Amino acid sequence: MTSQYKFYVLILLLVTTMLHAEPRLIVVVCVDGLNEKALSELRGFWQQGGLRTMEDEAHKASVNFPHLVYGGCETLATIMSGTTPDCHGISADYFFDRKERKVCSIFADETEKGIGSNNHVSPRSLISPTATDIFRMSHSERSKIYAVGINMENTLLLAGHAANACAWLEPQDLSWATTGYYSEGLPAAADEMNIKGRITELAAQQWTPRMDVKTYMHPTDIEKKKSFSYIQNSVLRQSPAANTLVIELALNLQKQAQLGTDPQADMLLLELTVNSPSATSDLLETAEQEDMYIRLNQDLGWLMEQLTKRIGKDNYRLIVFGKPVLGSGFNSFEKARLQTNFFNTERAAALCNTYLMAIYGHERWVDGGYGNSIYLNKTLIEQKKMRLSDIQQQVSSFLLEFEGTQSAFAATDLPLLQGNGDEAKLRCTLNKRTAGDIVFTTQPMWVIGENKKNLIDRVTDIDPVVPLMLWTTELGIDIDKQMSAEQVMKVIYK
């Protein structure tokens, strides 16, 4: 029995043995960019609200990740599945499609039509069960699961394979959208908000500081001279309106579907954000970031207040955790006079192709490059009756000559990597479906991307950590102060 299989057996046992103490509604909230330092700094700013209640009353822990963190949806996939990208299949938001020879969404699925969206997507690329899937397997079909989010990728991960329905914000159309993959399609509550124009209404409102900008701790020099101001439709997914809309739809869904009102347990999963438009880091650097936290505190408080009124404080459990988006950012390195360098994988792939052409002739030997991978033209190599391993070795050796590379090797050697360094993290990061034929790591202070505005690796932190808070009235609940992401899924059922 593999350790992964043992892990899922353990989760199922936890679900089965603790159903008698399970609340009627489990609410899971992922907050993009939420970090412990910001929570600590802002604690004195809110006298009441959701984050204040969580800080005062919730069980708290810090969560880390055993794989490379790029700032995409890979960390949320790890938390929701309880395993790492090499097993759950989501290494980043995008991957290099060998057949099409282009970069595609990791959730691209031409078999599923979008509803209110041009995106053809589904969660099928997620190849491990998630918390929602295990919840569905352990409960009656009458149990309901809904996910509401800001971004398509995160919403699909929250919904998993087994949700009744999900909805995410389409900023261009200012509407809720979903995929035909889920049995209920677009929830009726979301469709009603679209018809009434609620998103358009909130997006048209101006976002300005809730308080005098001088009272914030981190106003920039520009904000001191002229406080920030946005019409929210231009920055919808990074504005307070996004959080408000998610909370409103969540409460409408709870009312419409009567979540948590009968003996059958239900799940409600939400994506919120504190990632503001001009943020360069998950740390507090601007007044607008502080304002996002202050308004999130109020929105989360409104959610808790309404759920308490509707189904009772004892009948729901709330789990809130962060997701790294920008990490500590480039500014923190610049303050220490550390220079950040950029590794362009596409350019490296082109140079590798030129190198192979000089040896074997003018052919397209390399299909492309993305992330930590170089993708060879396997079809051509087979046609030429050449050994793939020989080409992999040559390209690996050539990559080591590049400025910025730390190590390079054939993808088939990934399972052999041991230890706790970047190579071992890479082993946990790449899934065989999306990994290239040659994989590499970069040296310290090197990030993957063309420049600061065009990055794959947005999180420069070596070991990013996010907070997790569990709020419940149940007795006998406790969680470890330091947790791996694999342990978080247990908390949902603990």
# chains A, B, ... in the order shown; residues from 1 in each chain; ligands from 1
>>> closest_atom_pairs(of="region 408-445 of chain A", to="region 126-139 of chain A", cutoff="12 Å", atoms="only C-alpha atoms", output="tab-separated table")
residue	atom	partner	partner_atom	distance
A:Asn431	CA	A:Ile127	CA	10.2
A:Lys432	CA	A:Ile127	CA	11.8
A:Arg433	CA	A:Ile127	CA	10.4
A:Thr434	CA	A:Leu126	CA	11.9
>>> residues_around(residues="Val325 (chain A)", least_positions_apart="5", cutoff="7 Å", atoms="only C-alpha atoms", output="ChimeraX atom specification")
/A:32-33,71-72,282,459
>>> residues_around(residues="Ala188 (chain A)", least_positions_apart="4", cutoff="12 Å", atoms="only C-alpha atoms", output="short mmCIF file (atom, residue, chain, number, x, y, z; two decimals) with N, CA and C atoms, in the first residue's frame")
data_model
loop_
_atom_site.label_atom_id
_atom_site.label_comp_id
_atom_site.auth_asym_id
_atom_site.auth_seq_id
_atom_site.Cartn_x
_atom_site.Cartn_y
_atom_site.Cartn_z
N TYR A 146 -21.47 23.68 -3.19
CA TYR A 146 -21.40 24.81 -4.12
C TYR A 146 -20.08 25.56 -3.90
N ASN A 164 -22.20 20.33 -6.93
CA ASN A 164 -23.43 20.48 -7.70
C ASN A 164 -23.26 21.55 -8.77
N ALA A 165 -22.59 22.64 -8.38
CA ALA A 165 -22.39 23.75 -9.31
C ALA A 165 -21.33 24.68 -8.75
N CYS A 166 -20.81 25.55 -9.64
CA CYS A 166 -19.89 26.59 -9.21
C CYS A 166 -20.10 27.81 -10.09
N ALA A 167 -19.54 28.94 -9.67
CA ALA A 167 -19.65 30.17 -10.46
C ALA A 167 -18.44 31.04 -10.19
N TRP A 176 -21.62 36.37 -13.76
CA TRP A 176 -21.21 35.08 -13.24
C TRP A 176 -21.17 34.08 -14.38
N ALA A 177 -20.19 33.18 -14.36
CA ALA A 177 -20.06 32.19 -15.42
C ALA A 177 -19.68 30.84 -14.81
N THR A 178 -19.80 29.79 -15.61
CA THR A 178 -19.42 28.46 -15.15
C THR A 178 -19.14 27.57 -16.36
N GLU A 184 -25.70 21.02 -12.35
CA GLU A 184 -26.70 22.09 -12.22
C GLU A 184 -26.40 23.28 -13.12
N GLU A 192 -29.81 34.96 -11.44
CA GLU A 192 -30.66 36.06 -10.97
C GLU A 192 -29.84 37.33 -10.77
N MET A 193 -28.63 37.20 -10.20
CA MET A 193 -27.76 38.36 -10.02
C MET A 193 -27.34 38.94 -11.36
N ASN A 194 -27.11 38.05 -12.35
CA ASN A 194 -26.76 38.53 -13.69
C ASN A 194 -27.91 39.33 -14.30
N ILE A 195 -29.10 38.79 -14.18
CA ILE A 195 -30.27 39.45 -14.77
C ILE A 195 -30.51 40.81 -14.12
N LEU A 249 -23.42 36.23 -3.36
CA LEU A 249 -23.88 35.04 -4.06
C LEU A 249 -23.89 33.83 -3.13
N ALA A 250 -22.88 33.73 -2.27
CA ALA A 250 -22.82 32.62 -1.32
C ALA A 250 -24.05 32.61 -0.41
N ASN A 252 -26.95 34.06 -1.04
CA ASN A 252 -28.12 33.77 -1.87
C ASN A 252 -28.24 32.27 -2.14
N LEU A 253 -27.10 31.63 -2.39
CA LEU A 253 -27.11 30.18 -2.59
C LEU A 253 -27.54 29.44 -1.33
N GLN A 254 -27.03 29.89 -0.19
CA GLN A 254 -27.39 29.24 1.07
C GLN A 254 -28.90 29.30 1.28
N LYS A 255 -29.48 30.47 0.98
CA LYS A 255 -30.92 30.64 1.16
C LYS A 255 -31.72 29.82 0.15
N GLN A 256 -31.29 29.89 -1.11
CA GLN A 256 -32.02 29.21 -2.17
C GLN A 256 -31.95 27.69 -2.03
N ALA A 257 -30.75 27.17 -1.73
CA ALA A 257 -30.56 25.72 -1.61
C ALA A 257 -30.76 25.21 -0.20
#
>>> closest_residue(among="A:Ser276, A:Val148, A:Ile222, A:Ser328", to="Glu248 (chain A)", atoms="only C-alpha atoms")
A:Val148
>>> closest_residue(among="A:Ser373, A:Asn64, A:Ser91, A:Gln306", to="Thr405 (chain A)", atoms="only C-alpha atoms")
A:Ser373
>>> closest_residue(among="A:Pro123, A:Gly371, A:Gly197, A:Gly180", to="His161 (chain A)", atoms="only C-alpha atoms")
A:Pro123
>>> residues_around(residues="Pro209 (chain A)", least_positions_apart="2", cutoff="9 Å", atoms="only C-alpha atoms", output="NGL selection string")
:A and (207 or 211-213 or 227-229 or 287-288 or 291)
>>> write_last_selection(atoms="C-alpha atoms", output="short mmCIF file (atom, residue, chain, number, x, y, z; two decimals), in the first residue's frame")
data_model
loop_
_atom_site.label_atom_id
_atom_site.label_comp_id
_atom_site.auth_asym_id
_atom_site.auth_seq_id
_atom_site.Cartn_x
_atom_site.Cartn_y
_atom_site.Cartn_z
CA TRP A 207 -13.40 52.54 -4.73
CA MET A 211 -10.58 56.21 6.01
CA ASP A 212 -8.36 59.25 5.65
CA VAL A 213 -5.38 57.95 3.70
CA SER A 227 -5.31 58.90 -2.55
CA PHE A 228 -6.04 55.87 -4.70
CA SER A 229 -9.29 55.83 -6.66
CA ALA A 287 -2.91 51.96 1.62
CA GLU A 288 -5.07 50.17 -0.94
CA ASP A 291 -8.13 48.91 2.68
#
